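For reference, data.csv is printed below; it contains CSV, C-alpha atoms.
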chain,number,residue,atom,x,y,z
A,1,ASP,CA,2.4,19.7,-19.9
A,2,ILE,CA,-0.6,22.0,-20.3
A,3,GLN,CA,0.1,25.7,-20.4
A,4,MET,CA,-2.6,28.1,-19.1
A,5,THR,CA,-2.5,31.7,-20.5
A,6,GLN,CA,-4.6,34.3,-18.8
A,7,SER,CA,-5.5,37.7,-20.2
A,8,PRO,CA,-5.3,40.5,-19.4
A,9,SER,CA,-2.6,40.4,-16.7
A,10,THR,CA,-4.0,43.7,-15.3
A,11,LEU,CA,-7.4,45.2,-15.6
A,12,SER,CA,-8.6,48.6,-14.5
A,13,ALA,CA,-12.3,48.9,-13.8
A,14,SER,CA,-14.9,50.8,-11.9
A,15,VAL,CA,-17.5,49.7,-9.4
A,16,GLY,CA,-20.5,48.5,-11.4
A,17,ASP,CA,-18.5,47.5,-14.5
A,18,ARG,CA,-18.9,44.2,-16.2
A,19,VAL,CA,-15.5,42.5,-16.2
A,20,THR,CA,-14.4,39.5,-18.2
A,21,ILE,CA,-11.1,37.5,-17.7
A,22,THR,CA,-10.0,35.0,-20.3
A,23,CYS,CA,-8.0,31.8,-19.8
A,24,ARG,CA,-6.7,29.7,-22.6
A,25,ALA,CA,-5.3,26.2,-22.4
A,26,SER,CA,-2.6,24.9,-24.7
A,27,GLN,CA,-4.6,21.7,-25.3
A,28,THR,CA,-8.1,20.7,-24.7
A,29,ILE,CA,-9.1,20.2,-21.0
A,30,SER,CA,-12.8,19.6,-21.5
A,31,ASN,CA,-14.4,21.6,-18.6
A,32,TRP,CA,-11.8,20.8,-16.0
A,33,LEU,CA,-11.2,24.3,-15.0
A,34,ALA,CA,-11.4,26.2,-11.7
A,35,TRP,CA,-11.2,29.9,-10.9
A,36,TYR,CA,-9.9,31.5,-7.7
A,37,GLN,CA,-9.8,34.9,-6.1
A,38,GLN,CA,-6.8,36.0,-4.0
A,39,LYS,CA,-6.5,39.1,-1.9
A,40,PRO,CA,-3.1,40.4,-0.7
A,41,GLY,CA,-1.7,38.4,2.1
A,42,LYS,CA,-4.5,35.9,2.0
A,43,ALA,CA,-4.9,32.4,0.6
A,44,PRO,CA,-6.8,31.9,-2.6
A,45,ASN,CA,-10.6,31.3,-2.5
A,46,LEU,CA,-12.4,29.0,-4.8
A,47,LEU,CA,-15.0,30.7,-7.0
A,48,ILE,CA,-15.9,28.3,-9.7
A,49,TYR,CA,-15.2,24.7,-10.7
A,50,LYS,CA,-15.9,22.5,-13.7
A,51,ALA,CA,-15.7,25.7,-15.7
A,52,SER,CA,-19.2,27.0,-14.8
A,53,THR,CA,-20.3,25.6,-11.4
A,54,LEU,CA,-20.4,28.3,-8.7
A,55,GLU,CA,-18.9,27.2,-5.4
A,56,SER,CA,-21.3,27.4,-2.5
A,57,GLY,CA,-21.4,30.9,-0.9
A,58,VAL,CA,-19.9,32.7,-3.8
A,59,PRO,CA,-22.0,35.6,-5.0
A,60,SER,CA,-24.1,35.1,-8.2
A,61,ARG,CA,-22.4,38.1,-9.9
A,62,PHE,CA,-19.5,35.7,-10.6
A,63,SER,CA,-20.0,33.3,-13.5
A,64,GLY,CA,-17.8,31.0,-15.6
A,65,SER,CA,-18.1,29.7,-19.1
A,66,GLY,CA,-16.2,27.8,-21.8
A,67,SER,CA,-15.0,24.4,-22.6
A,68,GLY,CA,-12.1,22.8,-24.6
A,69,THR,CA,-9.4,25.5,-24.6
A,70,GLU,CA,-11.2,28.8,-24.1
A,71,PHE,CA,-12.7,29.9,-20.8
A,72,THR,CA,-14.0,33.1,-19.3
A,73,LEU,CA,-14.7,34.4,-15.8
A,74,THR,CA,-17.3,37.2,-15.7
A,75,ILE,CA,-18.2,39.6,-12.9
A,76,SER,CA,-21.5,41.1,-13.9
A,77,SER,CA,-21.3,44.2,-11.7
A,78,LEU,CA,-18.0,44.8,-10.0
A,79,GLN,CA,-18.2,45.4,-6.3
A,80,PRO,CA,-15.6,47.0,-4.0
A,81,ASP,CA,-14.8,43.6,-2.5
A,82,ASP,CA,-13.9,42.2,-5.9
A,83,PHE,CA,-10.7,44.1,-6.4
A,84,ALA,CA,-8.2,41.3,-6.2
A,85,THR,CA,-6.1,38.9,-8.3
A,86,TYR,CA,-7.9,36.1,-10.1
A,87,TYR,CA,-6.3,32.8,-11.2
A,88,CYS,CA,-7.5,29.9,-13.4
A,89,GLN,CA,-6.4,26.3,-12.8
A,90,GLU,CA,-6.7,23.3,-15.1
A,91,TYR,CA,-7.2,19.9,-13.6
A,92,ASN,CA,-7.3,17.7,-16.6
A,93,SER,CA,-5.1,15.0,-14.8
A,94,TYR,CA,-3.6,14.4,-11.4
A,95,SER,CA,-0.3,15.9,-12.4
A,96,PRO,CA,0.9,18.4,-13.2
A,97,LEU,CA,-1.8,20.9,-12.2
A,98,THR,CA,-1.3,24.2,-13.8
A,99,PHE,CA,-2.4,27.7,-12.8
A,100,GLY,CA,-2.7,30.7,-15.1
A,101,GLY,CA,-0.4,33.7,-14.5
A,102,GLY,CA,-3.2,35.7,-12.8
A,103,THR,CA,-5.2,38.8,-13.6
A,104,LYS,CA,-5.1,41.7,-11.2
A,105,VAL,CA,-8.3,43.7,-11.1
A,106,GLU,CA,-7.5,47.3,-10.1
A,107,ILE,CA,-9.6,50.3,-9.3
A,108,LYS,CA,-9.9,52.7,-12.3
B,109,GLU,CA,-15.7,24.2,9.9
B,110,VAL,CA,-12.9,23.0,7.7
B,111,GLN,CA,-9.5,24.2,8.9
B,112,LEU,CA,-6.0,23.6,7.5
B,113,VAL,CA,-3.1,24.9,9.7
B,114,GLU,CA,0.4,24.9,8.3
B,115,SER,CA,3.5,25.0,10.5
B,116,GLY,CA,7.2,24.6,10.2
B,117,GLY,CA,8.2,27.4,7.8
B,118,GLY,CA,11.2,29.5,8.4
B,119,LEU,CA,14.7,30.6,7.2
B,120,VAL,CA,17.0,27.9,5.9
B,121,GLN,CA,20.4,28.1,4.1
B,122,PRO,CA,20.7,27.0,0.5
B,123,GLY,CA,21.3,23.2,0.5
B,124,GLY,CA,19.5,22.8,3.8
B,125,SER,CA,16.3,20.9,4.7
B,126,LEU,CA,13.0,21.9,6.2
B,127,ARG,CA,9.7,20.1,6.9
B,128,VAL,CA,6.4,21.9,6.7
B,129,SER,CA,3.3,20.3,8.2
B,130,CYS,CA,-0.4,20.8,7.8
B,131,GLU,CA,-2.9,19.8,10.4
B,132,ALA,CA,-6.5,19.3,9.2
B,133,SER,CA,-9.7,19.5,11.1
B,134,GLY,CA,-13.4,19.8,10.5
B,135,PHE,CA,-13.7,17.1,7.8
B,136,ALA,CA,-12.8,13.5,7.0
B,137,PHE,CA,-9.2,14.0,6.1
B,138,SER,CA,-8.6,10.4,5.0
B,139,THR,CA,-11.2,10.8,2.2
B,140,HIS,CA,-9.5,13.6,0.4
B,141,TRP,CA,-6.6,14.1,-2.0
B,142,MET,CA,-4.3,16.8,-0.5
B,143,SER,CA,-1.8,19.1,-2.1
B,144,TRP,CA,0.8,21.7,-1.6
B,145,VAL,CA,0.7,24.9,-3.6
B,146,ARG,CA,3.4,27.6,-3.3
B,147,GLN,CA,3.6,31.3,-4.2
B,148,ALA,CA,6.9,33.1,-4.5
B,149,PRO,CA,7.0,36.7,-3.3
B,150,GLY,CA,5.0,38.8,-5.8
B,151,LYS,CA,4.4,35.9,-8.1
B,152,GLY,CA,1.6,33.6,-9.1
B,153,LEU,CA,0.5,30.2,-7.8
B,154,GLU,CA,2.4,27.1,-8.5
B,155,TRP,CA,1.2,23.5,-7.7
B,156,VAL,CA,4.0,21.6,-6.0
B,157,ALA,CA,2.7,18.1,-5.1
B,158,ASN,CA,-0.3,16.0,-4.3
B,159,ILE,CA,-1.1,12.8,-2.6
B,160,ASN,CA,-4.1,10.5,-2.7
B,161,GLN,CA,-6.3,9.4,0.2
B,162,ASP,CA,-4.1,6.4,1.4
B,163,GLY,CA,-0.8,7.8,0.3
B,164,SER,CA,-0.2,5.3,-2.4
B,165,GLN,CA,-0.1,7.9,-5.2
B,166,LYS,CA,2.1,10.9,-5.1
B,167,TYR,CA,2.9,13.5,-7.8
B,168,TYR,CA,5.4,16.3,-8.0
B,169,VAL,CA,6.2,19.3,-10.2
B,170,ASP,CA,9.4,18.6,-12.1
B,171,SER,CA,11.4,21.3,-10.3
B,172,VAL,CA,11.1,19.5,-6.9
B,173,LYS,CA,11.3,15.9,-8.0
B,174,GLY,CA,14.0,14.1,-6.1
B,175,ARG,CA,14.3,16.9,-3.5
B,176,PHE,CA,10.8,17.1,-1.9
B,177,THR,CA,8.8,14.2,-0.4
B,178,LEU,CA,5.1,14.3,0.4
B,179,SER,CA,3.5,12.2,3.0
B,180,ARG,CA,0.4,12.0,5.2
B,181,ASP,CA,-0.7,10.5,8.5
B,182,ASN,CA,-4.4,9.9,8.4
B,183,ALA,CA,-4.5,8.9,12.1
B,184,LYS,CA,-3.1,12.4,12.9
B,185,ASN,CA,-5.1,14.2,10.2
B,186,SER,CA,-1.8,15.6,9.0
B,187,LEU,CA,0.1,16.3,5.8
B,188,TYR,CA,3.8,16.7,5.5
B,189,LEU,CA,6.3,18.1,2.9
B,190,GLN,CA,9.9,17.2,3.5
B,191,MET,CA,12.1,19.6,1.6
B,192,ASN,CA,15.8,18.8,1.0
B,193,SER,CA,18.5,20.5,-1.1
B,194,LEU,CA,16.6,23.7,-0.9
B,195,ARG,CA,17.4,26.5,-3.3
B,196,ALA,CA,16.8,30.2,-3.4
B,197,ASP,CA,14.0,29.7,-5.9
B,198,ASP,CA,12.1,27.5,-3.4
B,199,THR,CA,11.5,30.7,-1.4
B,200,ALA,CA,7.7,31.0,-1.2
B,201,VAL,CA,4.6,30.8,0.9
B,202,TYR,CA,3.6,27.1,1.0
B,203,TYR,CA,-0.2,26.5,1.1
B,204,CYS,CA,-1.8,23.2,2.1
B,205,ALA,CA,-5.0,22.7,0.1
B,206,ARG,CA,-7.8,20.2,0.0
B,207,ASP,CA,-9.4,18.8,-3.2
B,208,GLY,CA,-13.0,19.7,-3.9
B,209,ARG,CA,-15.9,17.3,-3.6
B,210,ASP,CA,-16.5,17.1,-7.3
B,211,ALA,CA,-14.4,15.0,-9.7
B,212,GLY,CA,-10.8,16.1,-10.4
B,213,ILE,CA,-8.3,18.0,-8.3
B,214,TYR,CA,-9.2,21.6,-7.6
B,215,PHE,CA,-8.9,23.2,-4.3
B,216,ASP,CA,-11.9,24.2,-2.1
B,217,SER,CA,-10.1,24.8,1.1
B,218,TRP,CA,-6.7,26.4,1.8
B,219,GLY,CA,-4.5,26.9,4.8
B,220,GLN,CA,-3.1,30.3,5.8
B,221,GLY,CA,0.3,29.4,4.4
B,222,ALA,CA,3.8,28.9,5.8
B,223,LEU,CA,6.6,31.1,4.6
B,224,VAL,CA,9.8,29.3,3.6
B,225,THR,CA,12.8,31.5,3.0
B,226,VAL,CA,16.0,30.0,1.5
B,227,SER,CA,18.9,32.4,2.0
B,228,SER,CA,22.4,32.6,3.3
Structure rendered as structure tokens:
Amino acid sequence: DIQMTQSPSTLSASVGDRVTITCRASQTISNWLAWYQQKPGKAPNLLIYKASTLESGVPSRFSGSGSGTEFTLTISSLQPDDFATYYCQEYNSYSPLTFGGGTKVEIK
Amino acid sequence: EVQLVESGGGLVQPGGSLRVSCEASGFAFSTHWMSWVRQAPGKGLEWVANINQDGSQKYYVDSVKGRFTLSRDNAKNSLYLQMNSLRADDTAVYYCARDGRDAGIYFDSWGQGALVTVSS
């Protein structure tokens, strides 16, 4: 099974900061990677799929890059609404599907 | 508008059974893979199971194989997860999720979740 390792697990940042979250796969997954944002008590929300394709309606300050085993989610200028937990998910096959452990973005 | 509404969560004793349901609306349910993803209290996301459009393919995470059964009724736009032999570590919010329109199984729509608590 593929393991997904996210770093950091917690990140403290200020409004306006550029933020980067990394996700590493234990084996190559091409570009079969999605990113989600989750706020407390709410369901996750899709941000990016196929490593770098922005889901409709997601602000352009979010971007994704990478392929193979190394991926990044970047928020170009952190906004108050962006304080949340972010998860990556690989979908290299139908099963199993694996999420990263999550990165909590906190107010500095 | 795409809507996924879970129901059937609750408190159950260890070893007991429970069925959670997901009613879909606002899209062509029969054309999508569907999945269950769970989240234990204070923990991350864990994929549980998925099913293809006509129900002929089903996959499960190892920890629930032989205990959970996934099914769907396309005539009722509904997805079901029958959970047997429940354990304390099955305690979680169970989300119903729809696969995205692009290739592969990622999740572009989620329900609000159903809380399942396994405790004596």
Q: Compute the chain A side of the contact with chain B at 12 Å, counting all atoms listed in the file, and hand it back as a PyMOL selection string.
A: chain A and resi 1+4+6+9+29-38+40-51+53-58+85-104
Q) How far is it from atom CA of Pro149 of chain B to atom CA of Leu223 of chain B, in Å with one decimal? A) 9.7 Å
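Distances from B:Ser125, B:Ser143, B:Gln111, B:Asn192 to Val172 of chain B were compared using all atoms listed in the file, and the smallest one belongs to B:Asn192.
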Contacts of Phe176 of chain B within 8 Å, all atoms listed in the file, excl. fewer than 2 positions in-chain, as a compact mmCIF listing (two decimals) with C-alpha atoms, in the frame of the given file:
# COMPACT_ATOMS: atom_id res chain seq x y z
CA VAL B 172 11.10 19.50 -6.90
CA LYS B 173 11.30 15.90 -8.00
CA GLY B 174 14.00 14.10 -6.10
CA LEU B 178 5.10 14.30 0.40
CA LEU B 189 6.30 18.10 2.90
CA GLN B 190 9.90 17.20 3.50
CA MET B 191 12.10 19.60 1.60
CA ASN B 192 15.80 18.80 1.00
**Q.** Separation of atom CA of Ile75 of chain A from atom CA of Ser63 of chain A, in Å and rounded to one decimal
**A.**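 Interatomic distance here is 6.6 Å.
Taking atom CA of Phe135 of chain B and atom CA of Pro59 of chain A as endpoints, the distance between them is 24.0 Å.
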Using only C-alpha atoms, determine which residues lie at most 12 Å from Gln161 of chain B, disregarding the query and same-chain residues fewer than 6 positions distant; provide the list as a compact mmCIF listing (two decimals) with C-alpha atoms, keeping the file's coordinate frame.
# COMPACT_ATOMS: atom_id res chain seq x y z
CA ALA B 136 -12.80 13.50 7.00
CA PHE B 137 -9.20 14.00 6.10
CA SER B 138 -8.60 10.40 5.00
CA THR B 139 -11.20 10.80 2.20
CA HIS B 140 -9.50 13.60 0.40
CA TRP B 141 -6.60 14.10 -2.00
CA MET B 142 -4.30 16.80 -0.50
CA SER B 143 -1.80 19.10 -2.10
CA SER B 179 3.50 12.20 3.00
CA ARG B 180 0.40 12.00 5.20
CA ASP B 181 -0.70 10.50 8.50
CA ASN B 182 -4.40 9.90 8.40
CA ASN B 185 -5.10 14.20 10.20
CA SER B 186 -1.80 15.60 9.00
CA LEU B 187 0.10 16.30 5.80
CA ARG B 206 -7.80 20.20 0.00
CA ASP B 207 -9.40 18.80 -3.20
